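Visitor: I am attaching a structure below and will ask some questions about it afterwards.
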Amino acid sequence: MTIKIFTVAEMMAAEKAADAAGHSYAQMMATAGRRVAEAILERYDVAGRQALILVGPGNNGGDGLVAGRHLAEAGAAVAFYLLKPRDPTTDENLALVEEMQLEVLPADYDQRFRVLRHRLRAADFVVDALFGTGVSRPISGPAAAVLEQVAAGLAERRVQAASRPTLTAVAAPPVRDEAAPTRHDAAPVVVAVDCPSGLNCDSGALDPLAIPADHTVTFAGPKRGHFIFPGAAACGELIVADIAIDPALPAVKAVPLALATAELARDMLPARPADGHKGTFGTALIAAGSIRYWGAPALAARGAFRAGAGLVTLAVPQRLRPALAGQFPEATYPLVTDTDTLGVATANLLLGSLKSYDALLVGPGLGEAASFLGALLDGLREPAEGQKSPPLVIDADGLNLLAALPDWPGRLPPNSILTPHPGEMARLIGRNRDEERDGDRVESARRRAAEWGHVVVLKGAYTVIAAPPDSVSGDGRATLLPFANPILAVAGSGDVLAGIITGLLAQGMAPYEAAVLGGYLHGAAGQLAGDFWGRAGLLAGELADWVSHARRALE
């Protein structure tokens, strides 16, 4: 199933459409609250433990009332702290809580927040059901006072947890049950309902009073703010809960942004028939490298091979060829005559053999090769009789050279793949790098894909892939990758990604699908490597080797 990523307005429209179709708001609230409780119960043993539910005045608070009731039924000792009074004669969920004789603690009667601070000292779980997606301006007034007390109470608990005796070098570590908090001096687990209170779910802006969560349970689909920093860092584990909104509703289908999932990636994997040979899995041509950048071609080739390409050809300057061939004997090397930097001679050589290749990557480590790129693009736009223009990926230096060409989008074969990081994107559009970095990445990628007529892979934490409009996608598809991993922030990581995408193109994938799957494999490889190495220290060549493990995990 496709998981959509909503703006707040899109989510409201989807809920309204579901209600009009007969799936009422009350039903959605009941399901949402149950899903929050289920997410906690799947991860922790709650029997006999203390749960404090922070209940806001709106629907998010209603979700919290439902969640707390289910936790109580599972054996937790649950108390509800109400930011504002709610009327049980009109609030069915509060009435059900009172029927169960669970504690309801109105903030209005809590002098100096003594009750709240006492409950925070005892809580094993804190469920944040104060505001949800409704925050769009700074929190003030009584709500701000409550959040200040919650922050102080949680900080107090963290200090207590940090003050425990540390292990000595000779002591064996104690056996610890990771499934549940076991001591009141341990910091409580914080679970946010839909989003941490204080997170702007459109912009990712985070109120200074926001409560960072260990887990965030969001409904129907994530919100864009869940993937925009600084708010993204406050969400903890993001759990997408189904509340039975029909994905076939026009209001849902119209949402342009989807989340790449393991299931989606698995379904996209190209076939690997048992009787296949290297020709079956395609030939990738990589035109890359210069006297200053020797390693980029090898990293891209390694990515292409690890993605499953049958053969990789490296067109590199003559002085690089012996060293690369010694390090990377699996590739083939055309007889390039340009010595230090690729030029027109190499472009003509490659254009004369295009029919031998199923995908073409241009750019990693290319250096000052403007004449090469110009001649190559002229030939790709008007291939000689009997030749073909293979799917094209442009990365790194290729993008920087492209930005200097007039009318460059029209010089590329349709549906080429561009893989800029924010700095390269800023150069392509003539914008300040900081403005591009701090802007709306989703809309930037979508807008440029539509303007240029090419697939855009806007790299970074939570990479965005956008396709130009076509008869199938209408306004143009966009996919967000669920990876924000500092272990990927290493020189050569982008070369590996470009190689992976090119390797998938060589196997016959369409450009947009190759970009999405390539990005997913790259991110998943980083995640697997991070489980082994930690958050730093991975080399780009090692990252490429983890791609095979990521693919195997998907299969």
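By order in the structure tokens, chains are A, B, ...; within a chain, residues start at 1; ligands start at 1, following the order shown.
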Within 7 Å of range 391-407 of chain A, counting only C-alpha atoms, which residues qualify if same-chain residues fewer than 6 places away don't, as an MDAnalysis selection string?

Guide: chainID A and resid 359:367 370 416:420 424 427:428 498 502 505

Visitor: Identify all residues of range 339-485 of chain A in strand (DSSP E or B) (DSSP on the backbone) and supply them as a list in words.

Guide: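 Checking each residue of range 339-485 of chain A, the strand (DSSP E or B) ones are Thr341, Ala359, Leu360, Leu361, Val362, Leu392, Val393, Ile394, Ile417, Leu418, Val455, Val456, Val457, Leu458, Val464, Ile465, Ala466, Ala478, Thr479 and Leu480 of chain A.
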
Visitor: At what distance in Å, to one decimal, does CA of Gly279 in chain A lie from CA of Ala296 in chain A?

Guide: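 Interatomic distance here is 24.7 Å.
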
Visitor: Just the residues within 10 Å of Arg158 in chain A, please, counting only C-alpha atoms, with nothing from its chain fewer than 6 positions along; format it as a PyMOL selection string.

Guide: chain A and resi 152+185-188

Visitor: Once you have the residues from the selection above, write them out as a PDB file, in the first residue's frame, restricted to C-alpha atoms.

Guide:
```
ATOM      1  CA  ALA A 152      11.063  20.683  33.847  1.00  0.00           C
ATOM      2  CA  ASP A 185      14.547   7.160  38.351  1.00  0.00           C
ATOM      3  CA  ALA A 186      14.620   6.205  34.670  1.00  0.00           C
ATOM      4  CA  ALA A 187      13.332   8.862  32.306  1.00  0.00           C
ATOM      5  CA  PRO A 188       9.763   8.087  31.212  1.00  0.00           C
TER       6      PRO A 188
END
```

Visitor: I need the residue nearest Glu263 in chain A from this list: A:Leu83, A:Gly221, A:Thr2, A:Trp546. Use only C-alpha atoms for the distance.

Guide: A:Thr2

Visitor: What separation in Å, quoted to one decimal, exists between CA of Ala369 in chain A and CA of Asp338 in chain A?

Guide: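 Value for the CA of Ala369 in chain A-CA of Asp338 in chain A distance: 10.7 Å.
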
Visitor: When distances are computed from only C-alpha atoms, which of A:Asp194, A:Asp246, A:Asp108, A:Asp340 shows the smallest separation from Ile291 in chain A?

Guide: A:Asp340
